[in-house]
Amino acid sequence: MRYKENWEQTKAKYMAYWARENDDRPLLNISAPRGKRPHWPSSGMRGDPRAYWTDTERIIRESRAWMEGTYFAAESFPAISPNLGPDIFGACFGADMIFEETTSYSVPFIDDWRKCPPLTIRDDNEWWREIRRMTRDVAADARGDYLVGITDIHSGIDGLVSIRGPANLCMDFLDCPDEVKRRADEVFAAYGPFTQELYDIIGPQDGCTSWFSVWHPNLWYPTSCDFICMISTTMFRDIVLPQIVAEARFLGGRTLFHLDGPGALRHLDALLEVPEIAGIQWVYGSGAPSAAHWIPVLKRIQDAGKCVHVGIRPEEIDIPAFVKVLSEIGLPELKKEYAPEAIAIIEAIIAAK
């Protein structure tokens with residue numbers, strides 16, 4: 001890999017992570033600017049927003065400049081995941097897309113489920129054609145220099161949010177839960193072929209990744225449902241969890257669940273019961289206390305035999321309590337040595353030229 005040193009060692013660390021056998025230290029996803037080069041040299045959006053988002057020549061040019069100017073330390077690695085925003089999967093069922101400079105979103109179009117035909121993704125859908133083209137373009141450029149990730153797929157119930165709207169879907173959970181289940185099954189029927197075809201495009205490369213910067217030698221993908229912060233645990237188990245389990249089984253257990261925000265924490269126990277979910281990414285959310293505050297949550301995840309994926313702030317690395325608890329819940333060799341080691345890595349990044 002052109003932009004990454006010690007790639008073979010990095011892959012071995014990820015395999016140990018998936019097997020819950022990384023007993024020397026946690027994986028560290030740390031990168032930093034190399035010298036005085038810009039970390040993210042973006043030209044900024046000009047003209048038509050759609051043209052800006054779908055311009056793979058620009059994406060590749062700017063991403064290669066970013067990779068050239070970045071030091072990928074520890075287990076971080078260079079990758080491009082073609083991206084049209086989290087609603088692209090829903091758009092492939094027929095929704096329009098609106099693009100702004102830093103975000104995009106779909107326009108819900110289902111007003112009445114009774115008038116809606118079965119949900120399918122047509123091969124000639126403009127957004128399905130677009131994301132395949134973008135993935136092919138990036139894969140043709142990569143040639144082993146970096147990894148190509150599968151695009152952001154908000155499937156399952158989140159896919160229904162994209163085409164129905166969150167307020168309407170909340171009412172559907174009360175008014176017609178069986179219809180929600182039926183439509184969610186239709187969305188899942190499209191998920192497998194959608195994911196597999198994108199993986200087949202990038203398949204010749206060395207492994208698989210996504211917007212979620214984790215590596216596996218075979219197809220893997222995050223499972224998620226941001227909608228769950230708005231429903232009860234009963235509704236979650238009855239309507240949402242079966243969809244998550246189906247995706248996890250399709251992925252052969254190679255999945256980490258993206259648990260987003262304190263409002264979703266009430267569903268953690270149900271997720272920990274699913275053997276096909278290998279781990280949990282805990283995202284504590286904007287404005288919430290950071291990682292050290294959530295040590296009891298991280299302990300629950302590891303006590304259930306799952307991988308943990310969490311973002312921490314630099315100032316937390318030397319918090320004795322954070323390090324001590326991590327060493328006590330499955331990292332026996334970590335103990336007090338971890339903090340100075342991590343600090344040394346960060347100092348090396350800062351000093352890198």
# chains A, B, ... in the order shown; residues from 1 in each chain; ligands from 1
>>> residues_around(residues="segment 278-291 of chain A", least_positions_apart="5", cutoff="6 Å", atoms="only C-alpha atoms", output="number ranges by chain")
A: 255-261, 306-310, 312
>>> residues_around(residues="segment 206-216 of chain A", least_positions_apart="6", cutoff="9 Å", atoms="only C-alpha atoms", output="list of chain:residue names")
A:Lys11, A:Tyr14, A:Met15, A:Trp18, A:Asn29, A:Glu75, A:Ser76, A:Phe77, A:Ala79, A:Ile80, A:Ser81, A:Pro82, A:Asn83, A:Gly144, A:Leu147, A:Val148, A:Gly149, A:Ile150, A:Thr151, A:Asp152, A:Tyr199, A:Pro222, A:Arg254
>>> atom_distance(atom1="atom CA of Ala139 of chain A", atom2="atom CA of Gly156 of chain A")
26.7 Å
>>> closest_residue(among="A:Asn168, A:Thr54, A:Thr70, A:Ser232", to="Leu84 of chain A", atoms="only C-alpha atoms")
A:Thr54
>>> select_by_dssp(residues="segment 29-116 of chain A", states="alpha helix (DSSP H)", output="list in words")
Pro49, Arg50, Ala51, Tyr52, Trp53, Thr54, Thr56, Glu57, Arg58, Ile59, Ile60, Arg61, Glu62, Ser63, Arg64, Ala65, Trp66, Met67, Glu68, Ile88, Phe89, Gly90 and Ala91 of chain A
>>> write_last_selection(atoms="C-alpha atoms", output="PDB file, in the first residue's frame")
ATOM      1  CA  PRO A  49     -24.120  20.713  -5.904  1.00  0.00           C
ATOM      2  CA  ARG A  50     -24.908  17.384  -7.528  1.00  0.00           C
ATOM      3  CA  ALA A  51     -22.011  17.745  -9.955  1.00  0.00           C
ATOM      4  CA  TYR A  52     -19.720  18.547  -7.031  1.00  0.00           C
ATOM      5  CA  TRP A  53     -20.751  15.464  -5.046  1.00  0.00           C
ATOM      6  CA  THR A  54     -20.545  13.068  -8.003  1.00  0.00           C
ATOM      7  CA  THR A  56     -15.007  11.388  -8.901  1.00  0.00           C
ATOM      8  CA  GLU A  57     -12.060  13.091 -10.620  1.00  0.00           C
ATOM      9  CA  ARG A  58     -12.183  15.816  -7.954  1.00  0.00           C
ATOM     10  CA  ILE A  59     -12.715  13.290  -5.159  1.00  0.00           C
ATOM     11  CA  ILE A  60      -9.734  11.208  -6.256  1.00  0.00           C
ATOM     12  CA  ARG A  61      -7.495  14.246  -6.797  1.00  0.00           C
ATOM     13  CA  GLU A  62      -8.258  15.777  -3.405  1.00  0.00           C
ATOM     14  CA  SER A  63      -8.152  12.429  -1.598  1.00  0.00           C
ATOM     15  CA  ARG A  64      -4.747  11.530  -3.033  1.00  0.00           C
ATOM     16  CA  ALA A  65      -3.436  14.931  -1.947  1.00  0.00           C
ATOM     17  CA  TRP A  66      -4.823  14.262   1.523  1.00  0.00           C
ATOM     18  CA  MET A  67      -3.197  10.815   1.628  1.00  0.00           C
ATOM     19  CA  GLU A  68       0.147  12.172   0.429  1.00  0.00           C
ATOM     20  CA  ILE A  88     -28.513   7.172  -0.880  1.00  0.00           C
ATOM     21  CA  PHE A  89     -29.921   3.692  -0.224  1.00  0.00           C
ATOM     22  CA  GLY A  90     -33.414   5.116   0.247  1.00  0.00           C
ATOM     23  CA  ALA A  91     -32.991   7.228  -2.874  1.00  0.00           C
TER      24      ALA A  91
END
>>> residues_around(residues="Ile121 of chain A", least_positions_apart="2", cutoff="12 Å", atoms="only C-alpha atoms", output="PyMOL selection string")
chain A and resi 88-95+117-119+123-129+186-194
>>> closest_residue(among="A:Arg114, A:Arg143, A:His154, A:Lys4", to="Arg183 of chain A", atoms="only C-alpha atoms")
A:Arg114
>>> residues_around(residues="Ile201 of chain A", least_positions_apart="6", cutoff="10 Å", atoms="only C-alpha atoms", output="JSON, numbers by chain")
{"A": [132, 133, 135, 136, 137, 138, 139, 140, 148, 150]}
>>> residues_around(residues="Met235 of chain A", least_positions_apart="4", cutoff="10 Å", atoms="only C-alpha atoms", output="PyMOL selection string")
chain A and resi 173-174+177+228+230-231+239-241
